[in-house]
Amino acid sequence: MPSVKDVARLAGVSAMTVSRALNNPEKLGAETLTRIQSAIQTLGYVPDLAARRIRGGRSSGKTIGVFALGTATTPFAVDLLLGLERTTREHGWNLFILNLLEDRPSPEDIELMLAHRPDGIVFSSMYLRALAVPSGLGERPVVLSNCYAEGAAVACYVPDDAEGQYQAVRTALARGYRRPLSINLPRPSPAWPLRQEGLLRACREAGLADDDLGQYDLSTDDAYDETRLELERRFATTAATPDLLICGNDRIALVAYQWLLARGLRIPQDVAVLGYDNMVGVAELFHPPLTTVQLPHFELGREAALHLIEGRANDRARHQLACPLVDRASL
């Protein structure tokens, strides 16, 4: 990693002059400042937000660094980063986000992150997943948002998927539905056992036997055509067809909507539909609007930021955040 001395050598000035350029650029002549800026750009030197200072900006307070696994490039979890950003600003902290194109940071990613001298690091994920926290982060506090550590005691903030599914299905069954069909996420998904727990608990409390609940697990995250095929099989006869579809996410619900409406079935008069995720900018545009479960992305980001800002270093627990039902017209 290039140092102040490397910049000074390339620019033909002293290390003290480089420091002055970083912290008080107005005290240098234009030609000297230009040479130092050029050297910094050539070497890729980024010391403690120096890139912002040398452009005439000012930075104060502490910094949270974020390794963003999918959260910076997809619309579904954008609220997670929004929760992080708003919370850090409210408390006078800075935020540095490093978007990851792979499942874990490379040595170069870690080097870039540490060059910004973060006071704490957040790992954020688009969807619930297990994460191996890399070594080499020093003594900086680390917190996980929408993911959890494998084999390590690291604080994490995750959705309470079991309770969210339980409350949603419980609400649906209380409205009289008795022939539910659940089209689930793939079984390897970390959310699968949690939502399965909530689903079965609600059905059993409502007096339904396990045999009264139809279930189908998608084979992969992108196997949405399987939803259509399963519906064709389940509705092949007119006897005891499902009156409630419980969908593993809102995209499954969208496929179900298309299939049901194309066959003249009314939602919710003939078949009710329950989603999960409350996809940003999408779920409310279903016709009729989709009843679904809200993943608490904003709260996941906010709590992760507060964990570092408030210095909860001794707290290494797994915190589950509520997933409330968004009750619309499909139920």
# chains A, B, ... in the order shown; residues from 1 in each chain; ligands from 1
call {"tool": "closest_atom_pairs", "arguments": {"of": "stretch 34-118 of chain A", "to": "stretch 129-153 of chain A", "cutoff": "12 Å", "atoms": "only C-alpha atoms", "output": "Markdown table"}}
result
| residue | atom | partner | partner_atom | distance |
| --- | --- | --- | --- | --- |
| A:Thr63 | CA | A:Arg140 | CA | 11.3 |
| A:Ile64 | CA | A:Val142 | CA | 9.9 |
| A:Gly65 | CA | A:Val142 | CA | 9.6 |
| A:Val66 | CA | A:Leu144 | CA | 9.7 |
| A:Phe67 | CA | A:Leu144 | CA | 9.7 |
| A:Ala68 | CA | A:Ser145 | CA | 9.7 |
| A:Leu69 | CA | A:Cys147 | CA | 9.9 |
| A:Gly70 | CA | A:Asn146 | CA | 11.3 |
| A:Thr71 | CA | A:Asn146 | CA | 10.0 |
| A:Ala77 | CA | A:Asn146 | CA | 9.5 |
| A:Asp79 | CA | A:Asn146 | CA | 11.8 |
| A:Leu80 | CA | A:Ser145 | CA | 8.2 |
| A:Leu81 | CA | A:Ser145 | CA | 10.0 |
| A:Gly83 | CA | A:Ser145 | CA | 10.9 |
| A:Leu84 | CA | A:Ser145 | CA | 9.9 |
| A:Asp103 | CA | A:Leu131 | CA | 8.6 |
| A:Arg104 | CA | A:Pro134 | CA | 7.9 |
| A:Pro105 | CA | A:Pro134 | CA | 7.7 |
| A:Ser106 | CA | A:Pro134 | CA | 9.1 |
| A:Pro107 | CA | A:Gly136 | CA | 8.6 |
| A:Glu108 | CA | A:Gly136 | CA | 11.3 |
| A:Asp109 | CA | A:Leu137 | CA | 11.0 |
| A:Ile110 | CA | A:Leu137 | CA | 7.3 |
| A:Glu111 | CA | A:Gly136 | CA | 9.0 |
| A:Leu112 | CA | A:Leu137 | CA | 11.3 |
| A:Met113 | CA | A:Leu137 | CA | 9.1 |
| A:Leu114 | CA | A:Leu137 | CA | 7.5 |
| A:Ala115 | CA | A:Leu137 | CA | 11.2 |
| A:Arg117 | CA | A:Arg140 | CA | 9.6 |
| A:Pro118 | CA | A:Arg140 | CA | 7.7 |
call {"tool": "closest_atom_pairs", "arguments": {"of": "stretch 162-218 of chain A", "to": "stretch 321-326 of chain A", "cutoff": "8 Å", "atoms": "only C-alpha atoms", "output": "CSV"}}
result
residue,atom,partner,partner_atom,distance
A:Glu163,CA,A:Cys323,CA,7.4
A:Gly164,CA,A:Cys323,CA,4.8
A:Gln167,CA,A:Leu325,CA,7.4
A:Ala168,CA,A:Leu325,CA,5.9
call {"tool": "residues_around", "arguments": {"residues": "A:Ile309", "least_positions_apart": "5", "cutoff": "12 Å", "atoms": "only C-alpha atoms", "output": "list in words"}}
result
Gly61, Lys62, Thr63, Ile64, Leu84, Thr87, Thr88, Arg89, Glu90, His91, Gly92, Trp93, Asn94, Leu95, Pro118, Asp119, Gly120, Ile121, Val122, Pro141, Val142, Val143, Arg302, Glu303 and Ala304 of chain A
call {"tool": "write_last_selection", "arguments": {"atoms": "N, CA and C atoms", "output": "PDB file, in the first residue's frame"}}
result
ATOM      1  N   GLY A  61     -15.831  13.611  12.557  1.00  0.00           N
ATOM      2  CA  GLY A  61     -16.458  12.460  13.151  1.00  0.00           C
ATOM      3  C   GLY A  61     -15.796  11.165  12.760  1.00  0.00           C
ATOM      4  N   LYS A  62     -16.448  10.074  13.103  1.00  0.00           N
ATOM      5  CA  LYS A  62     -15.911   8.746  12.856  1.00  0.00           C
ATOM      6  C   LYS A  62     -16.539   8.143  11.608  1.00  0.00           C
ATOM      7  N   THR A  63     -15.977   6.996  11.194  1.00  0.00           N
ATOM      8  CA  THR A  63     -16.388   6.392   9.930  1.00  0.00           C
ATOM      9  C   THR A  63     -16.799   4.938  10.123  1.00  0.00           C
ATOM     10  N   ILE A  64     -17.887   4.552   9.482  1.00  0.00           N
ATOM     11  CA  ILE A  64     -18.301   3.149   9.382  1.00  0.00           C
ATOM     12  C   ILE A  64     -18.032   2.687   7.963  1.00  0.00           C
ATOM     13  N   LEU A  84     -28.543   2.507   7.159  1.00  0.00           N
ATOM     14  CA  LEU A  84     -27.173   2.766   7.596  1.00  0.00           C
ATOM     15  C   LEU A  84     -26.805   4.230   7.392  1.00  0.00           C
ATOM     16  N   THR A  87     -28.735   6.837   9.648  1.00  0.00           N
ATOM     17  CA  THR A  87     -28.357   6.735  11.055  1.00  0.00           C
ATOM     18  C   THR A  87     -26.968   7.311  11.297  1.00  0.00           C
ATOM     19  N   THR A  88     -26.030   7.035  10.409  1.00  0.00           N
ATOM     20  CA  THR A  88     -24.690   7.590  10.586  1.00  0.00           C
ATOM     21  C   THR A  88     -24.716   9.113  10.479  1.00  0.00           C
ATOM     22  N   ARG A  89     -25.481   9.638   9.547  1.00  0.00           N
ATOM     23  CA  ARG A  89     -25.573  11.093   9.405  1.00  0.00           C
ATOM     24  C   ARG A  89     -26.198  11.739  10.634  1.00  0.00           C
ATOM     25  N   GLU A  90     -27.237  11.102  11.168  1.00  0.00           N
ATOM     26  CA  GLU A  90     -27.898  11.644  12.356  1.00  0.00           C
ATOM     27  C   GLU A  90     -26.930  11.784  13.524  1.00  0.00           C
ATOM     28  N   HIS A  91     -25.928  10.916  13.566  1.00  0.00           N
ATOM     29  CA  HIS A  91     -24.988  10.913  14.684  1.00  0.00           C
ATOM     30  C   HIS A  91     -23.639  11.545  14.323  1.00  0.00           C
ATOM     31  N   GLY A  92     -23.561  12.205  13.168  1.00  0.00           N
ATOM     32  CA  GLY A  92     -22.339  12.895  12.787  1.00  0.00           C
ATOM     33  C   GLY A  92     -21.204  11.987  12.364  1.00  0.00           C
ATOM     34  N   TRP A  93     -21.531  10.750  11.991  1.00  0.00           N
ATOM     35  CA  TRP A  93     -20.516   9.819  11.510  1.00  0.00           C
ATOM     36  C   TRP A  93     -20.497   9.827   9.988  1.00  0.00           C
ATOM     37  N   ASN A  94     -19.418   9.288   9.408  1.00  0.00           N
ATOM     38  CA  ASN A  94     -19.292   9.129   7.968  1.00  0.00           C
ATOM     39  C   ASN A  94     -19.555   7.674   7.587  1.00  0.00           C
ATOM     40  N   LEU A  95     -19.867   7.461   6.313  1.00  0.00           N
ATOM     41  CA  LEU A  95     -20.133   6.111   5.818  1.00  0.00           C
ATOM     42  C   LEU A  95     -19.359   5.880   4.531  1.00  0.00           C
ATOM     43  N   PRO A 118     -11.648   2.879   8.970  1.00  0.00           N
ATOM     44  CA  PRO A 118     -12.974   2.818   9.588  1.00  0.00           C
ATOM     45  C   PRO A 118     -12.885   2.530  11.081  1.00  0.00           C
ATOM     46  N   ASP A 119     -13.810   3.114  11.842  1.00  0.00           N
ATOM     47  CA  ASP A 119     -13.890   2.845  13.280  1.00  0.00           C
ATOM     48  C   ASP A 119     -14.710   1.597  13.569  1.00  0.00           C
ATOM     49  N   GLY A 120     -15.412   1.092  12.577  1.00  0.00           N
ATOM     50  CA  GLY A 120     -16.175  -0.136  12.680  1.00  0.00           C
ATOM     51  C   GLY A 120     -16.567  -0.585  11.290  1.00  0.00           C
ATOM     52  N   ILE A 121     -16.874  -1.876  11.140  1.00  0.00           N
ATOM     53  CA  ILE A 121     -17.175  -2.440   9.821  1.00  0.00           C
ATOM     54  C   ILE A 121     -18.489  -3.208   9.876  1.00  0.00           C
ATOM     55  N   VAL A 122     -19.314  -2.986   8.861  1.00  0.00           N
ATOM     56  CA  VAL A 122     -20.584  -3.693   8.693  1.00  0.00           C
ATOM     57  C   VAL A 122     -20.487  -4.576   7.451  1.00  0.00           C
ATOM     58  N   PRO A 141     -14.296  -3.224  15.537  1.00  0.00           N
ATOM     59  CA  PRO A 141     -15.543  -3.962  15.776  1.00  0.00           C
ATOM     60  C   PRO A 141     -16.261  -4.267  14.465  1.00  0.00           C
ATOM     61  N   VAL A 142     -16.862  -5.446  14.388  1.00  0.00           N
ATOM     62  CA  VAL A 142     -17.565  -5.907  13.190  1.00  0.00           C
ATOM     63  C   VAL A 142     -18.986  -6.289  13.575  1.00  0.00           C
ATOM     64  N   VAL A 143     -19.948  -5.929  12.738  1.00  0.00           N
ATOM     65  CA  VAL A 143     -21.337  -6.318  12.943  1.00  0.00           C
ATOM     66  C   VAL A 143     -21.912  -6.742  11.600  1.00  0.00           C
ATOM     67  N   ARG A 302     -30.219   0.299  10.281  1.00  0.00           N
ATOM     68  CA  ARG A 302     -30.172   1.247  11.397  1.00  0.00           C
ATOM     69  C   ARG A 302     -29.567   0.606  12.641  1.00  0.00           C
ATOM     70  N   GLU A 303     -29.992  -0.607  12.976  1.00  0.00           N
ATOM     71  CA  GLU A 303     -29.490  -1.259  14.180  1.00  0.00           C
ATOM     72  C   GLU A 303     -28.012  -1.613  14.060  1.00  0.00           C
ATOM     73  N   ALA A 304     -27.573  -1.997  12.862  1.00  0.00           N
ATOM     74  CA  ALA A 304     -26.152  -2.287  12.666  1.00  0.00           C
ATOM     75  C   ALA A 304     -25.313  -1.033  12.888  1.00  0.00           C
TER      76      ALA A 304
END
call {"tool": "atom_distance", "arguments": {"atom1": "atom CA of A:Arg266", "atom2": "atom CA of A:Arg204"}}
result
27.3 Å
call {"tool": "residues_around", "arguments": {"residues": "A:Trp259", "least_positions_apart": "6", "cutoff": "9 Å", "atoms": "only C-alpha atoms", "output": "list of chain:residue names"}}
result
A:Thr227, A:Arg228, A:Leu231, A:Glu232, A:Leu265
call {"tool": "atom_distance", "arguments": {"atom1": "atom CA of A:Val158", "atom2": "atom CA of A:Arg195"}}
result
13.4 Å
